[in-house]
Amino acid sequence: ASSNKMIRQIALMMSLLFSIVRIFFLVYKYQLHPHHVGDSNYLGDSPLTAISADTILQHTKALLQIGNEQASYEDSRSDARLYIRNHLISSGIPQDQIKWHHFQWQEQQIDSKNKELHDITWNGVNILVWLNSSYIPHQPVRILGAHYDTFLWGANRTAGAGNNLAGASLLMEAALQLYHTHQRFINEDPLFQELPYLIIFFDHAEAGALGSKAFVNHLREHQLIEEIGYYINIDSIGHNNKQMIIQTFPYEKDKQR
């Protein structure tokens with residue numbers, strides 16, 4: 001019963017995500033060819049709806065098993081990274097378009113017992129997946145992201161499924177479908193090569209969104225991206241909630257759904 005509830009939640013999130021991304025593809029195609037806007041075949045048959053919620057559930061179970069079988073949190077995250085990368089490569093995304101973003105994050109934390117400050121260093125790896133070969137200058141980058149770590153890995157534990165292994169699983173399949181859609185559009189019109197999409201699987205989110213912070217700092221330091229068109233974050237899907245929560249940024253309480 002719990003699996004069926006998760007599948008329904010995932011299906012709802014998939015529908016929303018693909019509707020949003022489909023609109024952005026449509027807008028960009030209109031910008032290239034405004035005279036085709038009335039064409040009923042304008043966007044063509046989209047493979048974005050080809051994702052099965054059962055496939056997402058299979059990935060979620062695999063990531064749970066991977067994490068639960070390891071003795072350390074580091075090993076769990078390492079094996080999860082390999083699972084994600086290998087699946088993307090075996091399903092068609094070129095290996096050189098999948099990058100490891102290694103980072104080190106240092107913080108000071110207060111010991112709860114003796115109230116002393118201690119330096120803590122976190123080493124992590126974000127997974128960056130470009131739908132085209134790399135960043136294209138002067139083009140706003142569209143980013144989809146999810147974190148692939150969970151503190152809830154452990155022997156025979158399933159609590160990490162909702163936060164956020166199901167979200168990472170959905171992003172895996174979304175990346176594949178968007179990549180193949182992007183390639184089809186490029187074949188139809190080379191100008192679509194100028195539509196940069198970046199998929200990010202963040203590490204160490206549970207420790208305080210450290211992977212996200214490190215990535216932002218990396219962009220600022222190296223000035224890698226001039227403009228971000230939008231960012232869609234996928235998190236905590238598959239919970240037994242009665243409704244989906246959509247939060248926008250900047251946060252405006254009366255506009256949240």
# chains A, B, ... in the order shown; residues from 1 in each chain; ligands from 1
>>> residues_around(residues="segment 218-221 of chain A", least_positions_apart="5", cutoff="10 Å", atoms="only C-alpha atoms", output="number ranges by chain")
A: 101, 103, 212-213, 226
>>> residues_around(residues="Ile232 of chain A", least_positions_apart="4", cutoff="9 Å", atoms="only C-alpha atoms", output="list in words")
Leu17, Arg142, Ile143, Leu144, Gly145 and Ala146 of chain A
>>> write_last_selection(atoms="N, CA and C atoms", output="short mmCIF file (atom, residue, chain, number, x, y, z; two decimals), in the first residue's frame")
data_model
loop_
_atom_site.label_atom_id
_atom_site.label_comp_id
_atom_site.auth_asym_id
_atom_site.auth_seq_id
_atom_site.Cartn_x
_atom_site.Cartn_y
_atom_site.Cartn_z
N LEU A 17 6.50 18.43 -13.25
CA LEU A 17 7.83 18.75 -13.74
C LEU A 17 7.86 18.81 -15.26
N ARG A 142 19.39 26.59 -17.73
CA ARG A 142 18.23 26.04 -17.03
C ARG A 142 18.73 24.87 -16.18
N ILE A 143 18.42 24.89 -14.89
CA ILE A 143 18.98 23.88 -13.98
C ILE A 143 17.86 23.12 -13.28
N LEU A 144 18.00 21.79 -13.25
CA LEU A 144 17.14 20.92 -12.44
C LEU A 144 18.05 20.21 -11.45
N GLY A 145 17.62 20.12 -10.19
CA GLY A 145 18.49 19.51 -9.20
C GLY A 145 17.75 18.71 -8.15
N ALA A 146 18.50 17.84 -7.48
CA ALA A 146 18.00 17.06 -6.35
C ALA A 146 19.22 16.56 -5.58
#
>>> select_by_dssp(residues="segment 28-192 of chain A", states="strand (DSSP E)", output="ChimeraX atom specification")
/A:98-110,117-130,141-147
>>> closest_atom_pairs(of="segment 69-105 of chain A", to="segment 119-138 of chain A", cutoff="9 Å", atoms="only C-alpha atoms", output="CSV")
residue,atom,partner,partner_atom,distance
A:Glu74,CA,A:Gly124,CA,8.9
A:Arg77,CA,A:Gly124,CA,8.9
A:Ser78,CA,A:Val125,CA,8.7
A:Arg81,CA,A:Ile127,CA,7.6
A:Ile84,CA,A:Ile127,CA,8.8
A:Arg85,CA,A:Ile127,CA,8.1
A:Ile93,CA,A:Leu131,CA,8.0
A:Pro94,CA,A:Ser133,CA,8.7
A:Asp96,CA,A:Ser133,CA,7.8
A:Gln97,CA,A:Trp130,CA,5.4
A:Ile98,CA,A:Val129,CA,4.6
A:Lys99,CA,A:Leu128,CA,5.0
A:Trp100,CA,A:Ile127,CA,5.1
A:His101,CA,A:Asn126,CA,4.9
A:His102,CA,A:Val125,CA,4.5
A:Phe103,CA,A:Gly124,CA,5.4
A:Gln104,CA,A:Asn123,CA,4.6
A:Trp105,CA,A:Trp122,CA,5.0
>>> closest_residue(among="A:Thr158, A:Thr150, A:Asn187, A:Gln223", to="Ala205 of chain A", atoms="only C-alpha atoms")
A:Thr150
>>> closest_residue(among="A:Gly229, A:Gln177, A:Asp149, A:Met172", to="Leu210 of chain A", atoms="only C-alpha atoms")
A:Asp149
>>> atom_distance(atom1="atom CA of Ala168 of chain A", atom2="atom CA of Gln139 of chain A")
26.1 Å
>>> select_by_dssp(residues="segment 119-211 of chain A", states="alpha helix (DSSP H)", output="PyMOL selection string")
chain A and resi 165-188+210-211
>>> residues_around(residues="Asn68 of chain A", least_positions_apart="3", cutoff="9 Å", atoms="only C-alpha atoms", output="list of chain:residue names")
A:Leu63, A:Leu64, A:Gln65, A:Ala71, A:Ser76, A:Leu152, A:Trp153, A:Gly154, A:Ala155, A:Asn156, A:Arg157, A:Thr158
